[in-house]
Amino acid sequence: MILYLDTSSLVKLYMEETASAYVAGLVESAEVTGTSLSAYAEARAAFARRFRENAFSSKDYNRLRSRFESDWKNFLSIHVTREIVRMAGDLAEKHGLRGFDAVHLASAVTMREKLASPVSFSCYDILLQKASLREKLDQPL
């Protein structure tokens with residue numbers, strides 16, 4: 001399976017949330033796991049917000065960041081190109097998506113096209129999930 005993680009799925013690998021174990025299993029069984037380069041900043045922002053909310057200690061936060069940095073090189077990073085941004089604009093209009101959700105969808109569609117293979121799209125946003133189905137991305141089992 002080729003797997004695409006939007007940020008809502010990616011952060012589940014590092015912070016204990018509902019479905020964290022499920023997402024970890026998806027990643028473990030995937031041949032390739034990719035995400036948008038923008039997910040790096042989004043994930044770091046999510047980690048920092050949870051730290052400010054006292055969700056974990058400084059030691060745990062530093063360990064989480066270190067693990068994320070180490071793992072990041074293992075993800076196929078889809079660069080946010082001019083073409084992806086333009087496609088994201090079209091997808092945002094077509095599906096009523098927020099900007100970065102549209103970037104994730106455009107990145108996954110591009111990943112599917114570049115790899116010439118089905119891509120399973122993992123996210124935890126109902127509107128984005130419905131849009132991914134309409135764009136003929138697979139849903140992970």
# chains A, B, ... in the order shown; residues from 1 in each chain; ligands from 1

call {"tool": "residues_around", "arguments": {"residues": "Val23 of chain A", "least_positions_apart": "5", "cutoff": "10 Å", "atoms": "only C-alpha atoms", "output": "PyMOL selection string"}}
result
chain A and resi 5+9-13+18+28-29+122-123+140

call {"tool": "write_last_selection", "arguments": {"atoms": "N, CA and C atoms", "output": "compact mmCIF listing (two decimals), in the first residue's frame"}}
result
# COMPACT_ATOMS: atom_id res chain seq x y z
N LEU A 5 -0.42 10.68 4.38
CA LEU A 5 -0.90 11.17 5.66
C LEU A 5 -1.06 12.68 5.60
N SER A 9 -3.43 13.00 10.59
CA SER A 9 -2.98 11.61 10.75
C SER A 9 -1.52 11.55 11.19
N LEU A 10 -0.69 12.40 10.63
CA LEU A 10 0.73 12.40 10.95
C LEU A 10 0.97 12.61 12.44
N VAL A 11 0.29 13.56 13.05
CA VAL A 11 0.54 13.86 14.47
C VAL A 11 0.14 12.70 15.37
N LYS A 12 -0.76 11.86 14.91
CA LYS A 12 -1.17 10.70 15.72
C LYS A 12 -0.02 9.71 15.93
N LEU A 13 1.01 9.80 15.10
CA LEU A 13 2.18 8.95 15.28
C LEU A 13 3.04 9.40 16.46
N THR A 18 -6.99 9.43 19.77
CA THR A 18 -7.84 8.39 19.22
C THR A 18 -7.30 8.00 17.85
N GLU A 28 3.17 1.20 9.29
CA GLU A 28 4.00 -0.01 9.34
C GLU A 28 3.75 -0.93 8.15
N SER A 29 2.51 -1.00 7.70
CA SER A 29 2.18 -1.90 6.59
C SER A 29 2.36 -1.26 5.22
N SER A 122 -5.10 9.09 4.27
CA SER A 122 -5.50 9.05 5.68
C SER A 122 -5.61 10.47 6.22
N CYS A 123 -6.81 10.79 6.71
CA CYS A 123 -7.04 12.09 7.34
C CYS A 123 -8.15 11.94 8.37
N PRO A 140 -7.73 3.92 3.51
CA PRO A 140 -7.05 2.79 4.14
C PRO A 140 -8.04 1.89 4.84

call {"tool": "residues_around", "arguments": {"residues": "segment 67-70 of chain A", "least_positions_apart": "3", "cutoff": "12 Å", "atoms": "only C-alpha atoms", "output": "PyMOL selection string"}}
result
chain A and resi 10-15+39-41+43-44+47+60-64+73-75

call {"tool": "residues_around", "arguments": {"residues": "segment 79-84 of chain A", "least_positions_apart": "3", "cutoff": "7 Å", "atoms": "only C-alpha atoms", "output": "list in words"}}
result
Ser36, Leu37, Met87, Ala88, Val103, Ala106 and Ser107 of chain A

call {"tool": "select_by_dssp", "arguments": {"residues": "chain A", "states": "strand (DSSP E)", "output": "ChimeraX atom specification"}}
result
/A:2-5,32-36,76-78,120-122

call {"tool": "write_last_selection", "arguments": {"atoms": "N, CA and C atoms", "output": "short mmCIF file (atom, residue, chain, number, x, y, z; two decimals), in the first residue's frame"}}
result
data_model
loop_
_atom_site.label_atom_id
_atom_site.label_comp_id
_atom_site.auth_asym_id
_atom_site.auth_seq_id
_atom_site.Cartn_x
_atom_site.Cartn_y
_atom_site.Cartn_z
N ILE A 2 0.49 2.22 -0.78
CA ILE A 2 1.11 3.54 -0.75
C ILE A 2 0.17 4.43 0.04
N LEU A 3 0.70 5.07 1.05
CA LEU A 3 -0.09 5.80 2.03
C LEU A 3 0.27 7.28 2.02
N TYR A 4 -0.76 8.12 2.06
CA TYR A 4 -0.57 9.56 2.23
C TYR A 4 -1.18 9.96 3.56
N LEU A 5 -0.42 10.68 4.38
CA LEU A 5 -0.90 11.17 5.66
C LEU A 5 -1.06 12.68 5.60
N VAL A 32 5.26 2.72 1.03
CA VAL A 32 5.72 4.10 0.99
C VAL A 32 4.71 4.93 1.76
N THR A 33 5.21 5.85 2.59
CA THR A 33 4.33 6.79 3.28
C THR A 33 4.79 8.19 2.92
N GLY A 34 3.86 8.98 2.41
CA GLY A 34 4.19 10.33 2.00
C GLY A 34 3.29 11.36 2.64
N THR A 35 3.73 12.59 2.57
CA THR A 35 2.95 13.73 3.05
C THR A 35 3.48 14.98 2.38
N SER A 36 2.74 16.05 2.49
CA SER A 36 3.18 17.33 1.94
C SER A 36 4.31 17.89 2.80
N LEU A 76 8.11 10.21 2.27
CA LEU A 76 8.23 10.79 0.94
C LEU A 76 7.60 12.18 1.04
N SER A 77 8.41 13.21 0.91
CA SER A 77 7.92 14.59 1.03
C SER A 77 7.49 15.10 -0.34
N ILE A 78 6.25 15.50 -0.43
CA ILE A 78 5.74 16.08 -1.67
C ILE A 78 5.95 17.59 -1.57
N SER A 120 -3.61 5.44 -0.78
CA SER A 120 -4.57 5.48 0.33
C SER A 120 -4.37 6.78 1.08
N PHE A 121 -5.46 7.51 1.29
CA PHE A 121 -5.41 8.84 1.88
C PHE A 121 -5.94 8.79 3.30
N SER A 122 -5.10 9.09 4.27
CA SER A 122 -5.50 9.05 5.68
C SER A 122 -5.61 10.47 6.22
#

call {"tool": "residues_around", "arguments": {"residues": "segment 127-133 of chain A", "least_positions_apart": "3", "cutoff": "7 Å", "atoms": "only C-alpha atoms", "output": "list in words"}}
result
His95, Leu97, Asp101, Leu105, Cys123, Lys136, Leu137 and Asp138 of chain A

call {"tool": "atom_distance", "arguments": {"atom1": "atom CA of Lys94 of chain A", "atom2": "atom CA of Val109 of chain A"}}
result
14.4 Å

call {"tool": "closest_residue", "arguments": {"among": "A:Ala116, A:Tyr124, A:Glu135, A:Gly89", "to": "Ser20 of chain A", "atoms": "only C-alpha atoms"}}
result
A:Tyr124

call {"tool": "select_by_dssp", "arguments": {"residues": "segment 24-113 of chain A", "states": "helix (DSSP H, G or I)", "output": "MDAnalysis selection string"}}
result
chainID A and resid 24:29 38:52 58:72 82:95 99:113

call {"tool": "write_last_selection", "arguments": {"atoms": "C-alpha atoms", "output": "PDB file, in the first residue's frame"}}
result
ATOM      1  CA  ALA A  24       0.870   3.525  13.270  1.00  0.00           C
ATOM      2  CA  GLY A  25      -0.319   0.179  11.864  1.00  0.00           C
ATOM      3  CA  LEU A  26      -1.068   1.788   8.499  1.00  0.00           C
ATOM      4  CA  VAL A  27       2.420   3.276   8.335  1.00  0.00           C
ATOM      5  CA  GLU A  28       3.996  -0.012   9.343  1.00  0.00           C
ATOM      6  CA  SER A  29       2.178  -1.899   6.591  1.00  0.00           C
ATOM      7  CA  SER A  38       3.895  21.701   4.577  1.00  0.00           C
ATOM      8  CA  ALA A  39       2.966  18.972   7.080  1.00  0.00           C
ATOM      9  CA  TYR A  40       6.335  19.482   8.754  1.00  0.00           C
ATOM     10  CA  ALA A  41       5.422  23.013   9.875  1.00  0.00           C
ATOM     11  CA  GLU A  42       1.845  22.029  10.693  1.00  0.00           C
ATOM     12  CA  ALA A  43       2.966  19.093  12.845  1.00  0.00           C
ATOM     13  CA  ARG A  44       5.591  21.142  14.671  1.00  0.00           C
ATOM     14  CA  ALA A  45       2.941  23.794  15.367  1.00  0.00           C
ATOM     15  CA  ALA A  46       0.569  21.124  16.723  1.00  0.00           C
ATOM     16  CA  PHE A  47       3.282  19.700  18.974  1.00  0.00           C
ATOM     17  CA  ALA A  48       4.189  23.165  20.297  1.00  0.00           C
ATOM     18  CA  ARG A  49       0.535  24.018  20.957  1.00  0.00           C
ATOM     19  CA  ARG A  50       0.024  20.819  22.947  1.00  0.00           C
ATOM     20  CA  PHE A  51       3.226  21.544  24.891  1.00  0.00           C
ATOM     21  CA  ARG A  52       1.956  25.053  25.748  1.00  0.00           C
ATOM     22  CA  SER A  58       9.714  19.423  28.563  1.00  0.00           C
ATOM     23  CA  LYS A  59      11.586  16.131  28.511  1.00  0.00           C
ATOM     24  CA  ASP A  60       8.734  14.358  26.683  1.00  0.00           C
ATOM     25  CA  TYR A  61       8.351  17.282  24.287  1.00  0.00           C
ATOM     26  CA  ASN A  62      12.050  17.202  23.396  1.00  0.00           C
ATOM     27  CA  ARG A  63      11.907  13.433  22.910  1.00  0.00           C
ATOM     28  CA  LEU A  64       8.817  13.811  20.658  1.00  0.00           C
ATOM     29  CA  ARG A  65      10.523  16.482  18.546  1.00  0.00           C
ATOM     30  CA  SER A  66      13.684  14.415  18.271  1.00  0.00           C
ATOM     31  CA  ARG A  67      11.745  11.343  17.152  1.00  0.00           C
ATOM     32  CA  PHE A  68       9.794  13.413  14.628  1.00  0.00           C
ATOM     33  CA  GLU A  69      13.016  14.908  13.217  1.00  0.00           C
ATOM     34  CA  SER A  70      14.546  11.450  12.933  1.00  0.00           C
ATOM     35  CA  ASP A  71      11.453   9.979  11.250  1.00  0.00           C
ATOM     36  CA  TRP A  72      10.882  12.905   8.868  1.00  0.00           C
ATOM     37  CA  ARG A  82       3.405  26.123  -8.191  1.00  0.00           C
ATOM     38  CA  GLU A  83       1.408  23.336  -9.882  1.00  0.00           C
ATOM     39  CA  ILE A  84       0.300  21.848  -6.559  1.00  0.00           C
ATOM     40  CA  VAL A  85      -0.723  25.262  -5.244  1.00  0.00           C
ATOM     41  CA  ARG A  86      -2.781  25.950  -8.371  1.00  0.00           C
ATOM     42  CA  MET A  87      -4.386  22.501  -8.158  1.00  0.00           C
ATOM     43  CA  ALA A  88      -5.070  23.138  -4.453  1.00  0.00           C
ATOM     44  CA  GLY A  89      -6.875  26.349  -5.353  1.00  0.00           C
ATOM     45  CA  ASP A  90      -9.068  24.464  -7.811  1.00  0.00           C
ATOM     46  CA  LEU A  91      -9.724  21.684  -5.278  1.00  0.00           C
ATOM     47  CA  ALA A  92     -10.546  24.214  -2.537  1.00  0.00           C
ATOM     48  CA  GLU A  93     -13.183  25.770  -4.800  1.00  0.00           C
ATOM     49  CA  LYS A  94     -14.511  22.433  -6.019  1.00  0.00           C
ATOM     50  CA  HIS A  95     -14.835  20.809  -2.578  1.00  0.00           C
ATOM     51  CA  GLY A  99      -6.242  26.088   2.132  1.00  0.00           C
ATOM     52  CA  PHE A 100      -3.869  23.571   3.693  1.00  0.00           C
ATOM     53  CA  ASP A 101      -6.430  20.776   3.410  1.00  0.00           C
ATOM     54  CA  ALA A 102      -6.554  21.512  -0.317  1.00  0.00           C
ATOM     55  CA  VAL A 103      -2.731  21.447  -0.445  1.00  0.00           C
ATOM     56  CA  HIS A 104      -2.773  17.991   1.165  1.00  0.00           C
ATOM     57  CA  LEU A 105      -5.366  16.738  -1.306  1.00  0.00           C
ATOM     58  CA  ALA A 106      -3.446  18.159  -4.270  1.00  0.00           C
ATOM     59  CA  SER A 107      -0.240  16.616  -2.907  1.00  0.00           C
ATOM     60  CA  ALA A 108      -1.872  13.188  -2.622  1.00  0.00           C
ATOM     61  CA  VAL A 109      -3.313  13.418  -6.139  1.00  0.00           C
ATOM     62  CA  THR A 110       0.135  14.416  -7.422  1.00  0.00           C
ATOM     63  CA  MET A 111       1.740  11.535  -5.521  1.00  0.00           C
ATOM     64  CA  ARG A 112      -0.699   9.124  -7.169  1.00  0.00           C
ATOM     65  CA  GLU A 113       0.082  10.540 -10.604  1.00  0.00           C
TER      66      GLU A 113
END

call {"tool": "atom_distance", "arguments": {"atom1": "atom CA of Thr7 of chain A", "atom2": "atom CA of Pro118 of chain A"}}
result
19.9 Å
